[in-house]
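Colleague: Just so it is clear, I am handing over work_10.csv, which has CSV, C-alpha atoms.
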chain,number,residue,atom,x,y,z
Y,1,MET,CA,6.0,34.5,-4.0
Y,2,THR,CA,6.9,36.1,-0.8
Y,3,ASN,CA,8.4,33.0,0.8
Y,4,LYS,CA,11.6,31.6,-0.7
Y,5,ALA,CA,12.0,27.9,-0.5
Y,6,THR,CA,15.1,26.8,1.3
Y,7,ALA,CA,14.9,23.2,0.1
Y,8,VAL,CA,12.8,21.2,-2.4
Y,9,LEU,CA,12.1,17.5,-2.2
Y,10,ASP,CA,10.7,15.6,-5.2
Y,11,LEU,CA,9.0,12.6,-3.7
Y,12,ARG,CA,6.9,11.7,-6.7
Y,13,GLY,CA,6.5,7.9,-7.1
Y,14,GLU,CA,7.2,7.2,-3.4
Y,15,ALA,CA,4.5,5.2,-1.8
Y,16,CYS,CA,3.0,5.7,1.7
Y,17,PRO,CA,4.5,6.1,4.3
Y,18,TYR,CA,7.8,7.3,2.7
Y,19,PRO,CA,6.8,10.8,1.6
Y,20,ALA,CA,5.9,11.6,5.2
Y,21,LEU,CA,9.0,10.0,6.6
Y,22,TYR,CA,11.4,11.6,4.0
Y,23,ALA,CA,9.8,15.0,4.5
Y,24,GLY,CA,10.0,14.6,8.3
Y,25,ALA,CA,13.7,13.7,8.1
Y,26,ARG,CA,14.4,16.7,6.0
Y,27,LEU,CA,12.4,19.1,8.2
Y,28,LYS,CA,14.5,17.9,11.2
Y,29,ARG,CA,17.6,19.2,9.5
Y,30,MET,CA,16.2,22.6,8.9
Y,31,ALA,CA,16.1,25.7,11.1
Y,32,PRO,CA,12.8,27.4,12.3
Y,33,GLY,CA,11.4,29.8,9.7
Y,34,GLU,CA,13.0,27.9,6.7
Y,35,ILE,CA,10.7,26.8,3.9
Y,36,LEU,CA,10.5,23.3,2.6
Y,37,GLU,CA,8.7,22.5,-0.7
Y,38,VAL,CA,7.6,18.9,-1.1
Y,39,VAL,CA,6.3,17.6,-4.5
Y,40,ALA,CA,4.3,14.3,-4.2
Y,41,ASP,CA,1.6,12.4,-6.0
Y,42,GLY,CA,-0.9,9.7,-5.2
Y,43,LEU,CA,-3.2,9.3,-2.2
Y,44,CYS,CA,-0.4,9.8,0.3
Y,45,ALA,CA,0.0,13.3,-1.0
Y,46,VAL,CA,-3.6,14.1,-1.0
Y,47,GLU,CA,-4.2,13.3,2.6
Y,48,GLY,CA,-1.2,11.5,4.3
Y,49,LEU,CA,1.2,14.5,4.0
Y,50,PRO,CA,-1.1,17.3,5.2
Y,51,ASP,CA,-2.1,15.1,8.1
Y,52,ALA,CA,1.5,14.3,8.9
Y,53,ILE,CA,2.6,18.0,8.6
Y,54,SER,CA,-0.2,19.3,10.8
Y,55,GLN,CA,0.6,16.5,13.3
Y,56,SER,CA,4.3,17.3,13.4
Y,57,GLY,CA,3.6,21.0,14.4
Y,58,HIS,CA,5.1,22.5,11.3
Y,59,LYS,CA,3.1,25.0,9.3
Y,60,LEU,CA,1.6,24.1,6.0
Y,61,LEU,CA,1.6,27.4,4.1
Y,62,LYS,CA,0.0,26.2,0.9
Y,63,VAL,CA,-0.9,23.3,-1.4
Y,64,GLU,CA,-0.8,23.8,-5.1
Y,65,THR,CA,-1.8,21.4,-7.9
Y,66,LEU,CA,1.1,21.3,-10.3
Y,67,ALA,CA,-0.6,18.9,-12.7
Y,68,ASN,CA,-3.4,16.4,-12.5
Y,69,GLY,CA,-2.6,14.4,-9.4
Y,70,ILE,CA,0.7,16.1,-8.6
Y,71,TYR,CA,0.8,18.4,-5.6
Y,72,ARG,CA,3.3,20.8,-4.1
Y,73,TYR,CA,3.3,21.5,-0.4
Y,74,THR,CA,5.0,24.5,1.1
Y,75,ILE,CA,5.9,24.0,4.7
Y,76,GLU,CA,7.4,26.4,7.1
Y,77,VAL,CA,9.6,24.9,9.8
Y,78,ALA,CA,8.3,25.6,13.3
Z,1,MET,CA,-14.1,-8.5,14.9
Z,2,SER,CA,-17.4,-7.1,13.9
Z,3,GLY,CA,-18.7,-10.7,14.0
Z,4,LEU,CA,-17.8,-10.8,17.7
Z,5,SER,CA,-15.5,-13.7,17.1
Z,6,LEU,CA,-12.5,-14.0,19.4
Z,7,SER,CA,-10.2,-14.5,16.4
Z,8,GLY,CA,-11.0,-10.9,15.3
Z,9,PHE,CA,-9.6,-9.5,18.5
Z,10,VAL,CA,-6.6,-11.7,18.5
Z,11,ILE,CA,-5.8,-10.7,14.9
Z,12,PHE,CA,-5.9,-7.1,15.9
Z,13,PHE,CA,-2.8,-7.5,18.0
Z,14,GLY,CA,-1.1,-9.4,15.3
Z,15,LEU,CA,-1.8,-6.6,12.8
Z,16,ALA,CA,-0.6,-3.9,15.2
Z,17,GLY,CA,2.7,-5.8,15.8
Z,18,GLY,CA,3.2,-6.4,12.1
Z,19,ALA,CA,2.5,-2.8,11.3
Z,20,ALA,CA,5.1,-1.7,13.9
Z,21,THR,CA,7.7,-4.0,12.4
Z,22,GLY,CA,6.9,-2.6,8.9
Z,23,VAL,CA,7.4,0.9,10.1
Z,24,PHE,CA,10.6,-0.1,11.8
Z,25,LEU,CA,11.9,-1.5,8.5
Z,26,ALA,CA,10.8,1.7,6.7
Z,27,ARG,CA,12.7,3.8,9.2
Z,28,TRP,CA,15.7,1.5,8.9
Z,29,ARG,CA,15.7,2.1,5.2
Z,30,LEU,CA,15.4,5.8,5.7
Z,31,ARG,CA,18.3,6.0,8.2
Z,32,ARG,CA,20.5,3.9,5.9
Z,33,GLU,CA,19.7,6.2,3.0
Z,34,ILE,CA,20.4,9.3,5.0
Z,35,ARG,CA,23.8,7.8,6.1
Z,36,SER,CA,24.7,6.8,2.5
Z,37,GLY,CA,23.5,10.1,1.2
Z,38,ALA,CA,21.0,8.4,-1.1
Z,39,VAL,CA,18.3,10.8,0.0
Z,40,GLY,CA,20.1,13.4,-2.1
Z,41,MET,CA,18.3,12.0,-5.1
Z,42,TYR,CA,15.1,13.6,-3.9
Z,43,GLU,CA,16.6,17.0,-3.5
Z,44,ARG,CA,15.8,19.7,-6.1
Z,45,LYS,CA,17.1,23.2,-6.4
Z,46,PRO,CA,14.6,25.8,-5.3
Z,47,GLY,CA,12.9,27.3,-8.4
Z,48,GLU,CA,13.8,24.3,-10.6
Z,49,ALA,CA,11.0,23.2,-12.9
Z,50,ILE,CA,9.5,20.0,-11.5
Z,51,ILE,CA,7.1,19.0,-14.2
Z,52,GLU,CA,9.0,18.0,-17.3
Z,53,ALA,CA,6.6,15.5,-18.8
Z,54,LYS,CA,3.5,16.8,-20.5
Z,55,ALA,CA,0.6,16.7,-18.0
Z,56,ARG,CA,-2.4,14.6,-18.9
Z,57,PRO,CA,-5.5,16.7,-19.7
Z,58,ARG,CA,-8.0,17.0,-16.9
Z,59,TRP,CA,-11.1,16.0,-19.0
Z,60,ARG,CA,-9.7,12.5,-19.6
Z,61,GLN,CA,-10.6,11.0,-16.2
Z,62,PRO,CA,-14.3,11.9,-16.1
Z,63,VAL,CA,-14.7,10.4,-19.6
Z,64,ILE,CA,-13.0,7.2,-18.5
Z,65,ALA,CA,-15.3,7.1,-15.4
Z,66,LEU,CA,-18.4,7.6,-17.7
Z,67,VAL,CA,-17.3,4.7,-19.9
Z,68,VAL,CA,-16.7,2.4,-16.9
Z,69,ALA,CA,-20.1,3.3,-15.5
Z,70,LEU,CA,-21.8,2.5,-18.9
Z,71,VAL,CA,-19.9,-0.8,-19.1
Z,72,ALA,CA,-21.0,-1.6,-15.5
Z,73,LEU,CA,-24.6,-0.9,-16.4
Z,74,ALA,CA,-24.3,-3.2,-19.5
Z,75,VAL,CA,-22.8,-6.0,-17.3
Z,76,LEU,CA,-25.6,-5.4,-14.8
Z,77,GLU,CA,-28.2,-5.8,-17.6
Z,78,ILE,CA,-26.5,-9.1,-18.7
Z,79,PHE,CA,-26.5,-10.4,-15.1
Z,80,VAL,CA,-30.2,-9.6,-14.7
Z,81,THR,CA,-31.3,-11.1,-18.0
Z,82,GLN,CA,-29.3,-14.3,-17.2
Z,83,GLY,CA,-31.2,-14.6,-13.9
Z,84,GLU,CA,-28.1,-13.7,-11.8
Z,85,THR,CA,-29.6,-10.7,-10.2
Z,86,ASN,CA,-27.7,-11.2,-7.0
Z,87,LEU,CA,-24.3,-11.0,-8.8
Z,88,GLY,CA,-25.5,-7.8,-10.4
Z,89,ILE,CA,-26.4,-6.3,-7.0
Z,90,PHE,CA,-23.1,-7.3,-5.5
Z,91,MET,CA,-21.4,-5.6,-8.4
Z,92,LEU,CA,-23.4,-2.4,-7.8
Z,93,PHE,CA,-22.4,-2.5,-4.1
Z,94,GLY,CA,-18.8,-3.0,-5.2
Z,95,LEU,CA,-18.9,0.1,-7.4
Z,96,VAL,CA,-20.5,2.3,-4.7
Z,97,PHE,CA,-18.1,0.8,-2.1
Z,98,GLY,CA,-15.1,1.5,-4.2
Z,99,PHE,CA,-16.2,5.1,-4.8
Z,100,ILE,CA,-16.7,5.7,-1.1
Z,101,LEU,CA,-13.3,4.0,-0.2
Z,102,GLN,CA,-11.5,6.2,-2.7
Z,103,ARG,CA,-13.1,9.4,-1.7
Z,104,SER,CA,-12.6,8.9,2.0
Z,105,GLY,CA,-9.1,7.4,1.6
Z,106,PHE,CA,-10.3,4.6,4.0
Z,107,CYS,CA,-7.3,2.6,4.7
Z,108,MET,CA,-6.7,-0.1,7.3
Z,109,THR,CA,-3.0,0.0,6.6
Z,110,ALA,CA,-2.7,3.6,7.5
Z,111,SER,CA,-5.0,3.3,10.5
Z,112,PHE,CA,-2.4,0.9,12.0
Z,113,ARG,CA,0.7,2.4,10.5
Z,114,ASP,CA,0.1,6.0,11.5
Z,115,TRP,CA,0.3,5.0,15.2
Z,116,PHE,CA,4.0,4.6,14.6
Z,117,THR,CA,4.7,7.2,12.0
Z,118,THR,CA,2.8,10.5,12.3
Z,119,GLY,CA,0.4,9.6,15.2
Z,120,GLY,CA,-2.5,11.0,13.1
Z,121,GLY,CA,-5.7,9.3,14.1
Z,122,ARG,CA,-8.2,10.3,11.3
Z,123,LEU,CA,-8.1,6.9,9.6
Z,124,ALA,CA,-8.0,4.9,12.8
Z,125,ARG,CA,-11.2,6.7,13.9
Z,126,GLY,CA,-12.8,5.9,10.6
Z,127,VAL,CA,-11.9,2.2,11.0
Z,128,ILE,CA,-13.2,2.2,14.6
Z,129,VAL,CA,-16.5,3.7,13.5
Z,130,ALA,CA,-16.8,1.2,10.6
Z,131,ILE,CA,-16.3,-1.7,13.0
Z,132,ALA,CA,-18.8,-0.3,15.5
Z,133,VAL,CA,-21.4,0.1,12.8
Z,134,ALA,CA,-20.6,-3.4,11.4
Z,135,MET,CA,-20.8,-4.9,14.9
Z,136,LEU,CA,-24.3,-3.4,15.5
Z,137,GLY,CA,-25.5,-4.4,12.1
Z,138,PHE,CA,-24.2,-7.9,12.4
Z,139,SER,CA,-25.8,-8.3,15.8
Z,140,ILE,CA,-29.2,-7.2,14.5
Z,141,LEU,CA,-28.9,-9.5,11.4
Z,142,VAL,CA,-27.9,-12.5,13.5
Z,143,ALA,CA,-30.3,-11.9,16.4
Z,144,THR,CA,-33.2,-11.6,13.9
Z,145,GLY,CA,-32.1,-14.8,12.2
Z,146,LEU,CA,-31.3,-13.1,8.9
Z,147,LYS,CA,-27.7,-14.2,9.0
Z,148,GLN,CA,-25.7,-17.1,10.4
Z,149,PRO,CA,-22.7,-16.1,12.6
Z,150,PHE,CA,-19.4,-16.8,10.9
Z,151,VAL,CA,-16.8,-17.8,13.4
Z,152,LEU,CA,-13.2,-18.4,12.5
Z,153,PRO,CA,-10.9,-20.8,14.4
Z,154,VAL,CA,-8.7,-19.0,16.9
Z,155,GLY,CA,-5.2,-19.9,18.1
Z,156,TRP,CA,-1.5,-19.0,17.9
Z,157,HIS,CA,-1.8,-19.1,14.1
Z,158,THR,CA,-4.3,-16.2,14.2
Z,159,LEU,CA,-1.6,-14.0,15.8
Z,160,VAL,CA,1.0,-15.1,13.4
Z,161,GLY,CA,-1.3,-14.6,10.4
Z,162,GLY,CA,-2.2,-11.1,11.7
Z,163,TYR,CA,1.4,-10.3,12.2
Z,164,LEU,CA,2.4,-11.3,8.7
Z,165,PHE,CA,-0.5,-9.5,7.1
Z,166,GLY,CA,0.2,-6.4,9.2
Z,167,LEU,CA,3.9,-6.4,8.1
Z,168,GLY,CA,3.0,-7.1,4.5
Z,169,MET,CA,0.4,-4.4,4.2
Z,170,VAL,CA,2.8,-1.7,5.5
Z,171,ILE,CA,5.5,-2.8,3.1
Z,172,ALA,CA,3.2,-3.2,0.1
Z,173,GLY,CA,1.3,0.0,0.9
Z,174,GLY,CA,-2.2,-1.3,1.1
Z,175,CYS,CA,-4.5,-4.0,2.7
Z,176,ALA,CA,-7.0,-5.8,0.5
Z,177,THR,CA,-9.5,-3.0,-0.2
Z,178,GLY,CA,-6.8,-0.3,-0.1
Z,179,THR,CA,-4.8,-2.2,-2.7
Z,180,LEU,CA,-7.8,-2.4,-5.0
Z,181,PHE,CA,-8.9,1.2,-5.0
Z,182,ARG,CA,-5.3,2.4,-5.3
Z,183,ILE,CA,-4.9,0.3,-8.4
Z,184,GLY,CA,-8.0,2.1,-9.7
Z,185,GLU,CA,-6.1,5.4,-8.9
Z,186,GLY,CA,-3.2,4.1,-11.1
Z,187,SER,CA,-0.7,2.8,-8.5
Z,188,VAL,CA,1.7,0.4,-10.3
Z,189,GLN,CA,3.4,-0.7,-7.1
Z,190,LEU,CA,0.1,-2.1,-5.8
Z,191,MET,CA,-0.6,-4.0,-9.0
Z,192,PHE,CA,2.4,-6.1,-8.0
Z,193,ALA,CA,1.1,-6.3,-4.5
Z,194,LEU,CA,-2.2,-7.6,-5.8
Z,195,LEU,CA,-0.4,-10.2,-7.9
Z,196,GLY,CA,1.4,-11.3,-4.8
Z,197,ALA,CA,-1.8,-11.4,-2.8
Z,198,ILE,CA,-3.6,-13.6,-5.4
Z,199,LEU,CA,-0.5,-15.9,-5.7
Z,200,GLY,CA,-0.2,-16.2,-1.9
Z,201,ALA,CA,-3.9,-16.8,-1.3
Z,202,SER,CA,-4.0,-19.4,-4.1
Z,203,LEU,CA,-0.9,-21.2,-2.8
Z,204,PHE,CA,-2.2,-21.1,0.7
Z,205,SER,CA,-5.5,-22.6,-0.2
Z,206,VAL,CA,-3.7,-25.5,-2.0
Z,207,LEU,CA,-1.5,-25.9,1.1
Z,208,LEU,CA,-4.5,-25.9,3.4
Z,209,LYS,CA,-6.1,-28.7,1.4
Z,210,THR,CA,-3.0,-31.0,1.3
Z,211,VAL,CA,-1.7,-30.3,4.8
Z,212,GLU,CA,-4.2,-30.9,7.6
Z,213,PHE,CA,-3.9,-27.9,9.9
Z,214,LYS,CA,-4.9,-28.3,13.5
Z,215,MET,CA,-6.5,-24.9,13.7
Z,216,GLY,CA,-8.8,-25.7,16.6
Z,217,SER,CA,-12.2,-24.3,16.9
Z,218,GLY,CA,-13.6,-20.8,16.9
Z,219,ILE,CA,-14.8,-19.0,19.9
Z,220,TRP,CA,-17.9,-16.9,19.4
Z,221,LEU,CA,-18.2,-14.4,22.2
Z,222,VAL,CA,-22.0,-14.4,22.1
Z,223,ASP,CA,-21.8,-18.2,23.0
Z,224,SER,CA,-19.5,-17.6,25.9
Z,225,LEU,CA,-20.7,-14.3,27.2
Z,226,GLY,CA,-24.2,-13.8,25.9
Z,227,TRP,CA,-25.3,-10.9,23.6
Z,228,GLN,CA,-25.0,-8.3,26.3
Z,229,GLY,CA,-21.5,-9.4,27.5
Z,230,ALA,CA,-20.2,-9.8,24.0
Z,231,LEU,CA,-21.4,-6.4,22.8
Z,232,TRP,CA,-19.9,-4.8,26.0
Z,233,VAL,CA,-16.6,-6.5,25.3
Z,234,GLY,CA,-16.7,-5.4,21.7
Z,235,PHE,CA,-17.5,-1.8,22.4
Z,236,ALA,CA,-15.2,-1.5,25.3
Z,237,PHE,CA,-12.4,-2.8,23.1
Z,238,LEU,CA,-13.2,-0.1,20.5
Z,239,GLY,CA,-13.4,2.5,23.2
Z,240,VAL,CA,-9.9,1.7,24.6
Z,241,TRP,CA,-8.6,1.6,21.0
Z,242,LEU,CA,-10.1,5.1,20.4
Z,243,LEU,CA,-8.6,6.4,23.7
Z,244,ILE,CA,-5.1,5.1,22.7
Z,245,VAL,CA,-5.4,6.7,19.2
Z,246,GLN,CA,-6.5,10.0,20.8
Z,247,TRP,CA,-3.7,9.9,23.3
Z,248,ASN,CA,-1.2,9.1,20.6
Z,249,GLU,CA,-2.4,12.0,18.5
Z,250,MET,CA,-2.4,14.5,21.4
Z,251,ARG,CA,1.2,13.5,22.3
Z,252,GLY,CA,2.0,15.3,19.0
Z,253,LYS,CA,4.5,12.8,17.9
Z,254,LYS,CA,7.0,14.6,15.7
Z,255,LEU,CA,7.9,12.9,12.4
Z,256,ARG,CA,10.8,10.8,13.3
Show this structure as structure tokens.
Modeller:
Amino acid sequence: MTNKATAVLDLRGEACPYPALYAGARLKRMAPGEILEVVADGLCAVEGLPDAISQSGHKLLKVETLANGIYRYTIEVA
Amino acid sequence: MSGLSLSGFVIFFGLAGGAATGVFLARWRLRREIRSGAVGMYERKPGEAIIEAKARPRWRQPVIALVVALVALAVLEIFVTQGETNLGIFMLFGLVFGFILQRSGFCMTASFRDWFTTGGGRLARGVIVAIAVAMLGFSILVATGLKQPFVLPVGWHTLVGGYLFGLGMVIAGGCATGTLFRIGEGSVQLMFALLGAILGASLFSVLLKTVEFKMGSGIWLVDSLGWQGALWVGFAFLGVWLLIVQWNEMRGKKLR
């Protein structure tokens, strides 16, 4: 892994819209170039988070499936 | 709304207001948790292992789906042999509908909520297209006499009802169909939401019988404006809605 995560949020079990809100609040406290990893599950993760991240102008570096239905998003702060 | 009944347009504003309040409450909870430091419970150290429980094997879900499909076919067979073919067809529609809803993530709740959270318009566009198609289909069915128009009474209660539903769907995390397909996905939170919905609807139907509500009469736009006028109003409304969604998305609202 070339990019080292600065912070990791475990938002499993949180329902929409909280993953996007929590991730957004955390991203606001980070400096440009820092990396945030978000772990989430459920439908919100599958589509709500990528939508929200692209909408907020930050860069979604990658999405990984950690297990069936659990995803990790690597976001670079813009 | 697709039925060109005035109540549908009124309820829209109620839903939007309710969704805005729901998002406001969510933000309020978020701010409170940031102030108290409770958000710290979500923080993990970089590199820390996240998955501690043993992950479920991937083959399990397709097998369950196959069993459900076989059971559905058996039930369909029972319906047909009992002479209830219509019920069987409804069930088939339900299965297909549920599949499409889940795959597309179609969600009324998000289509309203995202105005105020991320500004993303993907789901709102889906809802707008769905209503446009339903509006056309409904018009064709009614104009050819295949279907009777269904007009709900309209009044201040429509707005209040829409507001309450809008608020509730944002807090619960799903509207009616959204709740159902997410329970299928395994959402425990929405199982409770469904219980609440069933309880609320049952209580309200009892209340509706005992207390005589003065709900007034419905206004069917086709009666007051003619087919042409009603369809113009309907599509103009959808057009303005779409414009607002696009504008909201372009504004690039940061996650706040």
Colleague: Near region 4-8 of chain Y, counting all atoms listed in the file, which residues have an atom at most 8 Å away, once you skip same-chain residues fewer than 5 positions from it, shown as a PyMOL selection string?
Modeller: (chain Y and resi 34-39+74) or (chain Z and resi 43-47)
Colleague: Let me make sure I understand: among Z:Phe93, Z:Trp28, Z:Tyr42, Z:Phe13, which one has the smallest atom-to-atom distance to chain Y if we use all atoms listed in the file?
Modeller: Z:Tyr42
Colleague: What residues in chain Y lie within 7 Å of chain Z, counting all atoms listed in the file, written as a list in words?
Modeller: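 The answer, sorted by residue number, is Ala5, Thr6, Ala7, Val8, Leu9, Asp10, Leu11, Ala15, Cys16, Leu21, Gly24, Ala25, Asp51, Ala52, Gln55, Ser56, Ala67 and Asn68 of chain Y.
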Colleague: Give me the residues within 8 Å of region 132-135 of chain Z as a list of chain:residue names, counting all atoms listed in the file and dropping any in the same chain fewer than 2 places off.
Modeller: Z:Met1, Z:Ser2, Z:Gly3, Z:Leu4, Z:Ile128, Z:Val129, Z:Ala130, Z:Gly137, Z:Phe138, Z:Ser139, Z:Gly234, Z:Phe235, Z:Leu238
Colleague: As an exercise, work out the distance from CA of Lys59 (chain Y) to CA of Ser36 (chain Z) in Å and give it to one decimal place.
Modeller: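 Taking CA of Lys59 (chain Y) and CA of Ser36 (chain Z), their separation equals 29.1 Å.
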Colleague: For Leu49 (chain Y), which residue out of Y:Ile75, Y:Ala20, Y:Ile70, Y:Leu61 is the nearest one, using all atoms listed in the file?
Modeller: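 Using all atoms listed in the file, Leu49 (chain Y) sits closest to Y:Ala20.
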Colleague: So which residues touch region 7-9 of chain Z within 7 Å, counting all atoms listed in the file, skipping near sequence neighbours fewer than 4 positions away, as a list in words?
Modeller: Met1, Leu152, Pro153, Val154 and Thr158 of chain Z
Colleague: Next, the residues of the selection above should be written as a short mmCIF file (atom, residue, chain, number, x, y, z; two decimals), in the frame of the given file with C-alpha atoms.
Modeller:
data_model
loop_
_atom_site.label_atom_id
_atom_site.label_comp_id
_atom_site.auth_asym_id
_atom_site.auth_seq_id
_atom_site.Cartn_x
_atom_site.Cartn_y
_atom_site.Cartn_z
CA MET Z 1 -14.10 -8.50 14.90
CA LEU Z 152 -13.20 -18.40 12.50
CA PRO Z 153 -10.90 -20.80 14.40
CA VAL Z 154 -8.70 -19.00 16.90
CA THR Z 158 -4.30 -16.20 14.20
#
Colleague: To one decimal in Å, tell me the separation between CA of Val96 (chain Z) and CA of Val68 (chain Z).
Modeller: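 Separating CA of Val96 (chain Z) from CA of Val68 (chain Z) is a distance of 12.8 Å.
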Colleague: Have a look at Z:Gly98, Z:Phe204, Z:Ala230, Z:Ile183 and name the one nearest to Gly161 (chain Z); count all atoms listed in the file.
Modeller: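 Distance minimum relative to Gly161 (chain Z) lands on Z:Phe204.
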Colleague: Rounded to one decimal place, report the CA of Leu66 (chain Z)-CA of Gly126 (chain Z) distance in Å.
Modeller: 28.9 Å
Colleague: Would you kindly identify which residues have an atom no farther than 10 Å from (-12.7, -22.7, 19.9), using all atoms listed in the file and the file's own coordinates, and write them out as an MDAnalysis selection string?
Modeller: chainID Z and resid 5:7 151:155 215:220
Colleague: Find, counting only C-alpha atoms, the residue in Z:Ala20, Z:Gly196, Z:Gly178, Z:Asp223 that gets nearest to Ile100 (chain Z).
Modeller: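 Closest candidate: Z:Gly178.
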Colleague: I need the residue nearest Met91 (chain Z) from this list: Z:Val63, Z:Leu141, Z:Gln148, Z:Ala74. Use all atoms listed in the file for the distance.
Modeller: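 Distance minimum relative to Met91 (chain Z) lands on Z:Ala74.
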